[in-house]
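Shown next: upload.csv, given as CSV, C-alpha atoms and all ligand atoms.
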```csv
chain,number,residue,atom,x,y,z
A,1,MET,CA,-47.5,-71.0,-70.4
A,2,SER,CA,-45.8,-71.4,-67.0
A,3,ASP,CA,-42.0,-71.3,-66.5
A,4,GLU,CA,-42.2,-74.6,-64.6
A,5,PRO,CA,-40.3,-77.4,-66.3
A,6,MET,CA,-42.6,-79.8,-68.1
A,7,ARG,CA,-43.0,-83.1,-66.2
A,8,VAL,CA,-42.6,-86.1,-68.4
A,9,ALA,CA,-43.4,-89.7,-67.5
A,10,VAL,CA,-42.1,-92.6,-69.7
A,11,LEU,CA,-43.6,-96.0,-69.2
A,12,GLY,CA,-41.2,-98.7,-70.4
A,13,GLY,CA,-37.5,-99.4,-69.9
A,14,GLY,CA,-36.6,-100.5,-73.4
A,15,SER,CA,-34.3,-98.7,-75.8
A,16,PHE,CA,-36.7,-96.2,-77.3
A,17,GLY,CA,-38.3,-95.4,-74.0
A,18,THR,CA,-34.9,-94.7,-72.5
A,19,ALA,CA,-33.7,-92.6,-75.4
A,20,LEU,CA,-36.9,-90.5,-75.3
A,21,ALA,CA,-36.6,-90.0,-71.5
A,22,SER,CA,-33.1,-88.7,-71.9
A,23,ILE,CA,-34.0,-86.3,-74.7
A,24,ALA,CA,-36.8,-84.9,-72.6
A,25,ALA,CA,-34.4,-84.4,-69.7
A,26,ASP,CA,-31.8,-82.8,-72.0
A,27,ASN,CA,-34.6,-80.4,-73.0
A,28,GLY,CA,-35.1,-79.4,-69.4
A,29,ALA,CA,-38.1,-81.5,-68.4
A,30,ARG,CA,-38.4,-83.3,-65.1
A,31,VAL,CA,-38.4,-86.9,-66.2
A,32,ARG,CA,-39.5,-90.1,-64.4
A,33,GLN,CA,-39.3,-93.5,-66.1
A,34,TRP,CA,-41.3,-96.6,-65.1
A,35,LEU,CA,-40.0,-100.1,-65.6
A,36,ARG,CA,-40.6,-103.5,-64.1
A,37,ASP,CA,-37.1,-104.6,-63.3
A,38,PRO,CA,-35.8,-103.1,-60.0
A,39,ASP,CA,-32.2,-103.9,-60.8
A,40,LEU,CA,-32.4,-102.0,-64.1
A,41,ALA,CA,-34.1,-99.1,-62.4
A,42,ALA,CA,-31.4,-99.0,-59.8
A,43,GLN,CA,-28.7,-99.1,-62.5
A,44,ILE,CA,-30.3,-96.2,-64.3
A,45,ASN,CA,-30.4,-94.2,-61.1
A,46,ARG,CA,-26.9,-95.1,-60.0
A,47,GLU,CA,-24.9,-95.3,-63.3
A,48,HIS,CA,-27.2,-93.4,-65.6
A,49,ARG,CA,-27.0,-96.3,-68.0
A,50,ASN,CA,-29.5,-99.0,-69.2
A,51,GLY,CA,-27.2,-102.0,-69.4
A,52,ARG,CA,-29.9,-104.3,-70.7
A,53,TYR,CA,-31.2,-102.3,-73.7
A,54,LEU,CA,-28.7,-99.4,-74.4
A,55,PRO,CA,-25.5,-100.2,-72.6
A,56,ASP,CA,-23.3,-97.6,-74.3
A,57,TYR,CA,-25.7,-94.7,-73.9
A,58,ALA,CA,-25.0,-92.0,-71.3
A,59,ILE,CA,-28.5,-91.2,-70.0
A,60,ASN,CA,-29.1,-87.7,-68.7
A,61,PRO,CA,-28.6,-88.0,-64.9
A,62,ALA,CA,-31.8,-86.1,-64.3
A,63,VAL,CA,-33.9,-89.1,-65.5
A,64,VAL,CA,-35.2,-90.9,-62.4
A,65,ALA,CA,-36.3,-94.5,-62.8
A,66,SER,CA,-38.7,-96.3,-60.6
A,67,THR,CA,-40.8,-99.5,-60.5
A,68,VAL,CA,-43.6,-97.6,-58.6
A,69,MET,CA,-46.2,-96.3,-61.0
A,70,ALA,CA,-47.5,-93.6,-58.6
A,71,GLU,CA,-44.0,-92.1,-58.2
A,72,VAL,CA,-43.5,-91.9,-61.9
A,73,LEU,CA,-46.9,-90.5,-62.8
A,74,GLU,CA,-47.5,-88.1,-60.0
A,75,GLY,CA,-47.9,-84.6,-61.5
A,76,ALA,CA,-46.9,-85.7,-65.0
A,77,ASP,CA,-48.0,-83.3,-67.9
A,78,LEU,CA,-46.9,-85.7,-70.6
A,79,VAL,CA,-47.0,-89.5,-70.5
A,80,LEU,CA,-45.1,-91.5,-73.2
A,81,VAL,CA,-46.0,-95.2,-73.4
A,82,ALA,CA,-43.2,-97.3,-74.8
A,83,ILE,CA,-44.4,-100.8,-74.1
A,84,PRO,CA,-44.7,-103.7,-76.6
A,85,SER,CA,-48.3,-104.0,-77.9
A,86,LYS,CA,-49.0,-107.3,-76.2
A,87,ALA,CA,-48.5,-105.7,-72.7
A,88,PHE,CA,-49.7,-102.2,-73.7
A,89,ARG,CA,-53.3,-102.3,-72.4
A,90,ASP,CA,-52.2,-104.1,-69.2
A,91,VAL,CA,-49.7,-101.4,-68.4
A,92,VAL,CA,-52.1,-98.6,-69.2
A,93,ARG,CA,-54.6,-100.2,-66.8
A,94,GLN,CA,-51.9,-100.3,-64.1
A,95,ALA,CA,-51.3,-96.6,-64.8
A,96,ARG,CA,-54.9,-95.6,-65.0
A,97,PRO,CA,-55.5,-94.6,-61.3
A,98,TRP,CA,-52.8,-91.8,-61.7
A,99,LEU,CA,-53.8,-90.6,-65.1
A,100,HIS,CA,-56.1,-87.5,-65.6
A,101,ALA,CA,-57.8,-85.6,-68.4
A,102,GLY,CA,-55.4,-82.7,-68.4
A,103,GLN,CA,-52.4,-84.9,-69.3
A,104,ILE,CA,-51.1,-85.6,-72.8
A,105,LEU,CA,-50.9,-89.3,-73.5
A,106,VAL,CA,-48.7,-90.5,-76.3
A,107,SER,CA,-48.0,-94.0,-77.7
A,108,THR,CA,-44.6,-94.8,-79.2
A,109,THR,CA,-45.5,-98.4,-79.9
A,110,LYS,CA,-45.7,-99.8,-83.5
A,111,GLY,CA,-48.0,-102.7,-83.0
A,112,ILE,CA,-51.6,-103.9,-83.2
A,113,GLN,CA,-53.9,-105.5,-80.6
A,114,GLU,CA,-55.4,-108.8,-81.9
A,115,GLU,CA,-58.8,-108.3,-80.5
A,116,GLY,CA,-60.6,-105.8,-82.7
A,117,PHE,CA,-57.5,-105.0,-84.7
A,118,LYS,CA,-56.8,-101.9,-82.5
A,119,LEU,CA,-53.8,-99.6,-82.6
A,120,MET,CA,-52.3,-98.4,-79.3
A,121,SER,CA,-53.6,-94.9,-79.3
A,122,ARG,CA,-57.1,-96.4,-79.5
A,123,ILE,CA,-56.3,-98.3,-76.4
A,124,LEU,CA,-55.2,-95.1,-74.6
A,125,GLU,CA,-58.5,-93.6,-75.7
A,126,GLU,CA,-60.6,-96.6,-74.6
A,127,GLU,CA,-58.9,-97.0,-71.2
A,128,THR,CA,-59.0,-93.3,-70.3
A,129,GLY,CA,-61.6,-91.5,-72.4
A,130,PHE,CA,-59.2,-88.4,-72.2
A,131,PRO,CA,-58.9,-85.8,-74.9
A,132,HIS,CA,-55.2,-85.2,-75.4
A,133,ILE,CA,-54.0,-88.4,-77.2
A,134,GLY,CA,-51.3,-88.8,-79.8
A,135,VAL,CA,-48.8,-91.1,-81.3
A,136,ILE,CA,-45.2,-90.7,-82.4
A,137,SER,CA,-43.7,-92.6,-85.3
A,138,GLY,CA,-40.9,-92.2,-87.8
A,139,PRO,CA,-37.4,-93.5,-88.8
A,140,ASN,CA,-36.3,-93.8,-85.2
A,141,LEU,CA,-33.9,-96.6,-84.5
A,142,ALA,CA,-33.2,-96.1,-80.8
A,143,THR,CA,-29.5,-97.1,-81.1
A,144,GLU,CA,-28.9,-94.3,-83.6
A,145,ILE,CA,-30.8,-91.8,-81.6
A,146,ALA,CA,-28.7,-92.7,-78.6
A,147,GLN,CA,-25.6,-91.8,-80.8
A,148,LYS,CA,-27.3,-88.5,-81.5
A,149,GLN,CA,-27.4,-89.2,-85.2
A,150,LEU,CA,-29.8,-86.8,-86.9
A,151,THR,CA,-33.4,-87.9,-87.5
A,152,ALA,CA,-37.0,-86.9,-87.1
A,153,THR,CA,-40.3,-88.3,-86.0
A,154,VAL,CA,-44.0,-87.4,-86.4
A,155,ILE,CA,-46.3,-86.4,-83.6
A,156,ALA,CA,-49.8,-87.3,-84.9
A,157,SER,CA,-52.9,-86.1,-83.1
A,158,ASP,CA,-56.1,-84.2,-84.0
A,159,ASP,CA,-55.5,-82.2,-80.8
A,160,PRO,CA,-53.2,-79.2,-81.5
A,161,GLU,CA,-52.1,-79.0,-77.8
A,162,THR,CA,-50.8,-82.5,-78.0
A,163,ARG,CA,-48.8,-81.8,-81.1
A,164,THR,CA,-47.2,-78.6,-79.8
A,165,ARG,CA,-46.4,-80.0,-76.3
A,166,VAL,CA,-44.7,-83.0,-77.8
A,167,GLN,CA,-42.7,-80.9,-80.3
A,168,THR,CA,-41.5,-78.8,-77.3
A,169,ALA,CA,-40.7,-81.8,-75.1
A,170,LEU,CA,-38.8,-83.9,-77.6
A,171,GLY,CA,-37.6,-81.6,-80.4
A,172,CYS,CA,-33.9,-80.9,-80.4
A,173,ASP,CA,-31.0,-80.3,-82.8
A,174,TYR,CA,-30.7,-84.0,-83.7
A,175,PHE,CA,-34.3,-85.1,-83.2
A,176,ARG,CA,-36.9,-83.1,-85.2
A,177,VAL,CA,-40.6,-83.5,-84.4
A,178,TYR,CA,-43.0,-82.9,-87.3
A,179,ALA,CA,-46.7,-82.7,-86.9
A,180,SER,CA,-49.6,-84.5,-88.5
A,181,ASN,CA,-53.3,-84.8,-87.8
A,182,ASP,CA,-53.6,-88.3,-89.4
A,183,ARG,CA,-53.1,-90.2,-86.2
A,184,TYR,CA,-54.5,-93.4,-87.6
A,185,GLY,CA,-52.3,-93.3,-90.8
A,186,VAL,CA,-49.1,-92.4,-88.9
A,187,GLU,CA,-49.7,-95.2,-86.4
A,188,LEU,CA,-50.7,-97.8,-89.0
A,189,GLY,CA,-47.6,-96.9,-91.1
A,190,GLY,CA,-45.4,-97.6,-88.0
A,191,ALA,CA,-47.0,-101.0,-87.5
A,192,LEU,CA,-47.1,-102.1,-91.1
A,193,LYS,CA,-43.5,-101.3,-92.1
A,194,ASN,CA,-42.4,-104.0,-89.6
A,195,ILE,CA,-43.8,-106.7,-91.9
A,196,TYR,CA,-41.7,-105.5,-94.8
A,197,ALA,CA,-38.6,-105.1,-92.7
A,198,ILE,CA,-38.8,-108.9,-92.0
A,199,ALA,CA,-39.1,-109.5,-95.7
A,200,ALA,CA,-36.2,-107.2,-96.5
A,201,GLY,CA,-33.9,-108.9,-93.9
A,202,MET,CA,-34.8,-112.2,-95.4
A,203,ALA,CA,-34.1,-111.0,-98.9
A,204,ALA,CA,-30.7,-109.7,-97.9
A,205,ALA,CA,-29.8,-112.9,-96.2
A,206,LEU,CA,-30.7,-114.8,-99.4
A,207,GLY,CA,-28.3,-112.6,-101.4
A,208,MET,CA,-30.8,-110.6,-103.3
A,209,GLY,CA,-29.4,-107.5,-105.1
A,210,GLU,CA,-30.1,-103.8,-104.8
A,211,ASN,CA,-32.7,-103.8,-107.6
A,212,THR,CA,-34.6,-106.4,-105.7
A,213,ARG,CA,-34.4,-104.5,-102.5
A,214,SER,CA,-35.7,-101.4,-104.2
A,215,MET,CA,-38.5,-103.2,-105.8
A,216,LEU,CA,-39.4,-104.9,-102.5
A,217,MET,CA,-39.6,-101.6,-100.6
A,218,THR,CA,-41.5,-99.8,-103.4
A,219,ARG,CA,-44.1,-102.6,-103.7
A,220,ALA,CA,-44.3,-102.7,-99.9
A,221,LEU,CA,-45.2,-99.0,-99.9
A,222,ALA,CA,-47.9,-99.6,-102.5
A,223,GLU,CA,-49.2,-102.5,-100.4
A,224,MET,CA,-49.2,-100.8,-97.1
A,225,SER,CA,-50.8,-97.6,-98.4
A,226,ARG,CA,-53.5,-99.7,-100.2
A,227,PHE,CA,-54.3,-101.4,-96.9
A,228,ALA,CA,-54.2,-98.2,-94.9
A,229,VAL,CA,-56.5,-96.3,-97.3
A,230,ASP,CA,-58.9,-99.2,-97.1
A,231,GLN,CA,-58.9,-98.8,-93.3
A,232,GLY,CA,-59.5,-95.1,-93.5
A,233,ALA,CA,-56.0,-93.5,-93.4
A,234,ASN,CA,-54.9,-90.6,-95.7
A,235,PRO,CA,-52.6,-91.9,-98.5
A,236,MET,CA,-50.5,-88.8,-98.3
A,237,THR,CA,-49.2,-89.8,-94.9
A,238,PHE,CA,-47.3,-92.6,-96.6
A,239,LEU,CA,-45.1,-90.0,-98.4
A,240,GLY,CA,-43.9,-88.8,-95.0
A,241,LEU,CA,-41.5,-89.8,-92.3
A,242,ALA,CA,-43.9,-92.3,-90.7
A,243,GLY,CA,-44.6,-94.0,-94.1
A,244,VAL,CA,-41.8,-94.2,-96.6
A,245,GLY,CA,-39.3,-92.7,-94.1
A,246,ASP,CA,-39.7,-95.5,-91.5
A,247,LEU,CA,-40.1,-98.1,-94.2
A,248,ILE,CA,-36.6,-97.2,-95.7
A,249,VAL,CA,-34.7,-97.3,-92.5
A,250,THR,CA,-36.4,-100.5,-91.1
A,251,CYS,CA,-35.9,-102.3,-94.5
A,252,SER,CA,-32.2,-101.3,-94.7
A,253,SER,CA,-30.7,-101.7,-91.2
A,254,SER,CA,-29.7,-104.7,-89.1
A,255,LEU,CA,-30.2,-102.4,-86.1
A,256,SER,CA,-33.9,-103.1,-86.7
A,257,ARG,CA,-35.1,-106.0,-84.7
A,258,ASN,CA,-37.7,-106.9,-87.4
A,259,TYR,CA,-35.0,-106.9,-90.1
A,260,ARG,CA,-32.8,-109.1,-87.9
A,261,VAL,CA,-35.6,-111.7,-87.5
A,262,GLY,CA,-35.9,-111.8,-91.3
A,263,GLN,CA,-32.1,-112.1,-91.7
A,264,ALA,CA,-32.1,-115.1,-89.3
A,265,LEU,CA,-35.0,-116.7,-91.2
A,266,GLY,CA,-33.2,-116.2,-94.5
A,267,GLU,CA,-30.1,-117.8,-93.0
A,268,GLY,CA,-32.2,-120.9,-92.2
A,269,SER,CA,-33.4,-120.4,-88.6
A,270,THR,CA,-36.9,-121.4,-87.6
A,271,LEU,CA,-39.2,-118.6,-86.4
A,272,ASP,CA,-38.8,-119.7,-82.8
A,273,GLU,CA,-35.0,-119.7,-83.1
A,274,ALA,CA,-35.0,-116.3,-84.7
A,275,VAL,CA,-37.2,-114.8,-82.0
A,276,GLU,CA,-35.3,-116.5,-79.2
A,277,ALA,CA,-31.9,-115.3,-80.6
A,278,LEU,CA,-33.3,-111.7,-80.8
A,279,GLY,CA,-34.2,-111.6,-77.1
A,280,GLN,CA,-36.4,-108.5,-77.7
A,281,VAL,CA,-39.8,-107.9,-79.3
A,282,ALA,CA,-40.1,-107.8,-83.1
A,283,GLU,CA,-43.7,-106.5,-83.5
A,284,GLY,CA,-43.8,-107.5,-87.2
A,285,VAL,CA,-44.1,-111.2,-86.4
A,286,ASN,CA,-47.5,-110.7,-84.8
A,287,THR,CA,-48.5,-107.9,-87.1
A,288,VAL,CA,-48.1,-109.9,-90.3
A,289,ARG,CA,-50.5,-112.5,-89.0
A,290,LEU,CA,-53.1,-109.9,-88.0
A,291,VAL,CA,-52.8,-107.9,-91.2
A,292,ARG,CA,-52.9,-110.9,-93.5
A,293,ASP,CA,-56.1,-112.1,-91.8
A,294,LYS,CA,-57.6,-108.6,-91.9
A,295,ALA,CA,-56.7,-108.1,-95.6
A,296,ARG,CA,-58.4,-111.4,-96.4
A,297,GLU,CA,-61.4,-110.4,-94.5
A,298,ASP,CA,-61.7,-107.0,-96.1
A,299,GLY,CA,-60.6,-108.2,-99.6
A,300,VAL,CA,-57.4,-106.1,-99.8
A,301,TYR,CA,-54.7,-107.5,-102.2
A,302,MET,CA,-51.5,-107.9,-100.2
A,303,PRO,CA,-49.2,-110.5,-101.9
A,304,LEU,CA,-46.1,-109.6,-99.8
A,305,ALA,CA,-47.9,-109.9,-96.4
A,306,GLU,CA,-49.5,-113.2,-97.7
A,307,GLY,CA,-46.2,-114.6,-98.8
A,308,LEU,CA,-44.4,-113.6,-95.6
A,309,TYR,CA,-47.2,-115.2,-93.6
A,310,GLN,CA,-46.8,-118.4,-95.4
A,311,VAL,CA,-43.0,-118.4,-94.7
A,312,LEU,CA,-43.4,-117.6,-91.0
A,313,PHE,CA,-46.4,-119.8,-90.2
A,314,GLU,CA,-47.0,-122.3,-92.9
A,315,GLY,CA,-43.5,-123.7,-93.4
A,316,VAL,CA,-43.0,-122.3,-97.0
A,317,PRO,CA,-39.3,-122.0,-97.6
A,318,ALA,CA,-38.0,-118.4,-97.6
A,319,GLN,CA,-36.8,-118.6,-101.2
A,320,GLU,CA,-40.4,-119.2,-102.2
A,321,MET,CA,-41.4,-115.7,-101.1
A,322,ALA,CA,-39.3,-114.1,-103.8
A,323,ARG,CA,-40.8,-116.4,-106.4
A,324,MET,CA,-44.3,-115.5,-105.2
A,325,LEU,CA,-43.5,-111.8,-105.5
A,326,MET,CA,-42.6,-112.3,-109.2
A,327,LEU,CA,-45.7,-114.3,-109.9
A,328,GLY,CA,-48.1,-111.7,-108.4
A,329,GLU,CA,-50.4,-109.7,-110.5
A,330,GLN,CA,-48.5,-107.3,-112.9
A,331,SER,CA,-50.8,-104.4,-112.1
A,332,SER,CA,-50.6,-100.7,-111.6
A,333,ASP,CA,-47.4,-99.0,-110.4
A,334,VAL,CA,-49.0,-96.1,-108.4
A,335,GLU,CA,-52.7,-97.0,-107.8
A,336,PHE,CA,-53.6,-93.5,-106.9
A,337,ILE,CA,-52.7,-92.5,-110.5
A,338,LEU,CA,-53.9,-95.6,-112.4
A,339,SER,CA,-56.2,-97.9,-110.6
A,340,ARG,CA,-55.7,-101.7,-110.5
A,341,GLU,CA,-59.1,-102.1,-111.9
A,342,ASP,CA,-58.3,-100.0,-114.9
A,343,VAL,CA,-55.2,-102.2,-115.6
A,344,ARG,CA,-57.3,-105.3,-115.3
A,345,GLN,CA,-60.0,-104.0,-117.6
A,346,ALA,CA,-57.3,-103.1,-120.2
A,347,HIS,CA,-56.1,-106.7,-120.1
A,348,ARG,CA,-59.7,-108.0,-120.4
A,349,ASP,CA,-60.2,-105.7,-123.4
A,350,ASP,CA,-56.9,-106.8,-125.0
A,351,GLU,CA,-57.9,-110.5,-124.6
A,352,GLY,CA,-61.1,-109.6,-126.4
A,353,PRO,CA,-63.6,-112.2,-127.5
A,354,HIS,CA,-60.8,-114.5,-128.7
A,355,GLY,CA,-59.0,-114.3,-125.3
A,401,LIG,N1,-36.3,-99.6,-80.1
A,401,LIG,C1,-36.6,-98.8,-81.2
A,401,LIG,O1,-35.6,-98.6,-82.0
A,401,LIG,C2,-37.9,-98.2,-81.4
A,401,LIG,C3,-38.0,-97.1,-82.1
A,401,LIG,C4,-39.2,-96.5,-82.4
A,401,LIG,C5,-40.4,-97.1,-81.8
A,401,LIG,N2,-40.2,-98.2,-81.1
A,401,LIG,C6,-41.5,-98.8,-80.6
A,401,LIG,O2,-41.6,-98.4,-79.2
A,401,LIG,C7,-42.0,-99.5,-78.4
A,401,LIG,C8,-41.1,-99.6,-77.3
A,401,LIG,O3,-39.8,-99.9,-77.8
A,401,LIG,P1,-38.6,-100.1,-76.9
A,401,LIG,O4,-37.5,-100.5,-77.8
A,401,LIG,O5,-38.4,-99.0,-76.0
A,401,LIG,O6,-39.0,-101.3,-75.9
A,401,LIG,P2,-39.2,-102.8,-76.2
A,401,LIG,O7,-40.2,-103.0,-77.3
A,401,LIG,O8,-37.9,-103.5,-76.4
A,401,LIG,O9,-39.9,-103.2,-74.9
A,401,LIG,C9,-39.1,-103.4,-73.8
A,401,LIG,C10,-39.8,-102.7,-72.6
A,401,LIG,O10,-41.1,-103.1,-72.3
A,401,LIG,C11,-41.2,-103.7,-71.1
A,401,LIG,N3,-42.2,-104.7,-71.0
A,401,LIG,C12,-42.4,-105.8,-71.8
A,401,LIG,N4,-43.5,-106.5,-71.3
A,401,LIG,C13,-44.0,-105.8,-70.3
A,401,LIG,C14,-45.1,-106.0,-69.4
A,401,LIG,N5,-45.9,-107.0,-69.5
A,401,LIG,N6,-45.2,-105.1,-68.4
A,401,LIG,C15,-44.4,-104.1,-68.2
A,401,LIG,N7,-43.4,-103.8,-69.0
A,401,LIG,C16,-43.2,-104.7,-70.0
A,401,LIG,C17,-39.8,-104.4,-70.9
A,401,LIG,O11,-39.5,-104.8,-69.6
A,401,LIG,C18,-38.9,-103.3,-71.4
A,401,LIG,O12,-38.8,-102.3,-70.4
A,401,LIG,C19,-42.0,-100.7,-79.3
A,401,LIG,O13,-43.2,-101.3,-79.4
A,401,LIG,C20,-41.5,-100.3,-80.7
A,401,LIG,O14,-42.5,-100.6,-81.7
A,401,LIG,C21,-39.1,-98.8,-80.9
A,402,LIG,O1,-36.2,-102.4,-84.2
A,402,LIG,P1,-37.5,-102.4,-84.8
A,402,LIG,O2,-37.6,-103.3,-86.0
A,402,LIG,O3,-38.7,-102.5,-83.9
A,402,LIG,O4,-37.7,-100.9,-85.5
A,402,LIG,C1,-37.4,-99.8,-84.7
A,402,LIG,C2,-38.1,-98.6,-85.2
A,402,LIG,O5,-39.5,-98.8,-85.4
A,402,LIG,C3,-37.5,-97.9,-86.4
A,402,LIG,O6,-38.1,-96.7,-86.7
```
Produce structure tokens that represent the structure in this file.
Ligand SMILES: NC(=O)c1ccc[n+]([C@@H]2O[C@H](COP(=O)([O-])OP(=O)(O)OC[C@H]3O[C@@H](n4cnc5c(N)ncnc54)[C@H](O)[C@@H]3O)[C@@H](O)[C@H]2O)c1
Ligand SMILES: O=P(O)(O)OC[C@H](O)CO
Amino acid sequence: MSDEPMRVAVLGGGSFGTALASIAADNGARVRQWLRDPDLAAQINREHRNGRYLPDYAINPAVVASTVMAEVLEGADLVLVAIPSKAFRDVVRQARPWLHAGQILVSTTKGIQEEGFKLMSRILEEETGFPHIGVISGPNLATEIAQKQLTATVIASDDPETRTRVQTALGCDYFRVYASNDRYGVELGGALKNIYAIAAGMAAALGMGENTRSMLMTRALAEMSRFAVDQGANPMTFLGLAGVGDLIVTCSSSLSRNYRVGQALGEGSTLDEAVEALGQVAEGVNTVRLVRDKAREDGVYMPLAEGLYQVLFEGVPAQEMARMLMLGEQSSDVEFILSREDVRQAHRDDEGPHG
């Protein structure tokens, strides 16, 4: 490997993109960050601060921000795409003329494209056809990372070079980077947990207790892994940082934007009011709609996603969601040990001919 510093490009000027850019610069990389807003780019270059998304964070002065894609991508070895899912493909298309097959392309985005139910790394693949593609996901609240609180993420790719290069670029003493080859599972975990973070925020605002929160998170894990396995992911991924790890943090912290949307709904706001007050993207709002439709289409049992969908889009009061949870099927605890079908069959047998 050469002694030249790694050249990292970050697309996106939000809080996570900014924190990752600064970590890479701390690790000695030459870092360029692309964003749309020229005033924010100027502020990052002048004050080494992102006043819009992470006002109290001292960005490494070596990070150079720009609104010009060519300047940011020129010579980049690693490209991190930190753009909300709705704009992701569009931004990758803008970047495409400066991308090449030798680069490592990594999505940080925890969302789903409506057309074709596609995850972001799939979009990277479709738009480029390049071989070094990965995704990072884990318990990664940007605000805490900016405070250098200890945490870890997962780099998932079936390409070993992508995994090791990202571990080198981003791993440091407060941000560990673990590896996985289940790209789809890791990416789906990151998208799905946003649904349950909204439900958890709502439950907290409605005054539900710790037992309830624990039940909600655990049944959420069962539901998200059931769905993910149906879609082809490895269930073991959900035992890791990008599964249960990210679920716990996002369902527990009001630093999570998805959790905050849920809290606002539980306090009586409409969805529009909750999203407007947030002023940032909460991917879970869109994800719950897409996942609920997909689960229905594929016959996957997802009572929590269904209940949340009804609260968000069909005017069902938030209190009803808790009731629906308690009225759901009393089925298997861990389906990979005892299948739901076995529990159902036992009930049918118990009812017998008189039942
Ligand atoms: N913030 C976090 O704590 C966090 C942590 C882990 C992962 N993520 C994921 O990473 C992704 C990026 O998160 P973030 O918090 O850095 O940013 P964000 O989701 O708040 O997005 C903001 C950035 O995207 C830009 N953007 C939005 N629409 C755009 C468009 N049409 N064209 C160009 N740029 C556009 C905004 O200008 C801004 O720079 C998210 O999708 C999220 O799921 C976020
Ligand atoms: O602020 P959220 O809800 O988008 O969550 C941020 C990260 O995904 C937490 O890992």
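Closest approach to Leu35 of chain A among A:Leu170, A:Val68, A:Leu221, A:Leu247: A:Val68, based on all atoms listed in the file.
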Suppose you want the space between atom CA of Arg344 of chain A and atom CA of Met215 of chain A; what is it in Å?
->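 Straight-line distance from atom CA of Arg344 of chain A to atom CA of Met215 of chain A works out to 21.2 Å.
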Residues within 8 Å of ligand LIG 402 (chain A) (all atoms listed in the file), as an MDAnalysis selection string?
-> chainID A and resid 110 137:142 190 194 197 246:247 249:250 255:260 281:284
Please, which residues in chain A fall within 7 Å of ligand LIG 401 (chain A) when counting all atoms listed in the file, and what is the closest atom pair and distance in Å to one decimal for each, ordered by chain then residue number, as CSV?
```
residue,atom,partner,partner_atom,distance
A:Gly12,CA,A:LIG401,O12,4.3
A:Gly13,CA,A:LIG401,O12,3.2
A:Gly14,CA,A:LIG401,O5,3.5
A:Ser15,CA,A:LIG401,O5,4.1
A:Phe16,CA,A:LIG401,O5,3.5
A:Gly17,CA,A:LIG401,O5,4.1
A:Thr18,CA,A:LIG401,O5,6.6
A:Leu35,CA,A:LIG401,O12,5.4
A:Arg36,CA,A:LIG401,C15,5.6
A:Asp37,CA,A:LIG401,O11,6.7
A:Ala82,CA,A:LIG401,C8,4.0
A:Ile83,CA,A:LIG401,O10,4.4
A:Pro84,CA,A:LIG401,O13,4.0
A:Ser85,CA,A:LIG401,O13,6.0
A:Ala87,CA,A:LIG401,N5,4.3
A:Asp90,CA,A:LIG401,N5,6.9
A:Val91,CA,A:LIG401,N6,5.8
A:Thr108,CA,A:LIG401,O2,4.7
A:Thr109,CA,A:LIG401,O13,3.7
A:Lys110,CA,A:LIG401,O14,3.8
A:Gly111,CA,A:LIG401,O14,6.0
A:Ser137,CA,A:LIG401,C5,6.6
A:Asn140,CA,A:LIG401,C3,4.8
A:Leu141,CA,A:LIG401,O1,3.6
A:Ala142,CA,A:LIG401,O1,3.7
A:Thr143,CA,A:LIG401,O1,6.3
A:Ser256,CA,A:LIG401,O1,6.7
A:Gln280,CA,A:LIG401,O8,5.4
A:Val281,CA,A:LIG401,O7,5.3
A:Glu283,CA,A:LIG401,O14,6.3
```
With all atoms listed in the file as the basis for distance, which of A:Gly240, A:Gly207, A:Gly28, A:Gly129 is at the shortest distance from Ala156 of chain A?
->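 Using all atoms listed in the file, the shortest distance to Ala156 of chain A belongs to A:Gly240.
Of note, atom CA of Gln263 of chain A and atom CA of Asp56 of chain A are spaced 24.3 Å apart.
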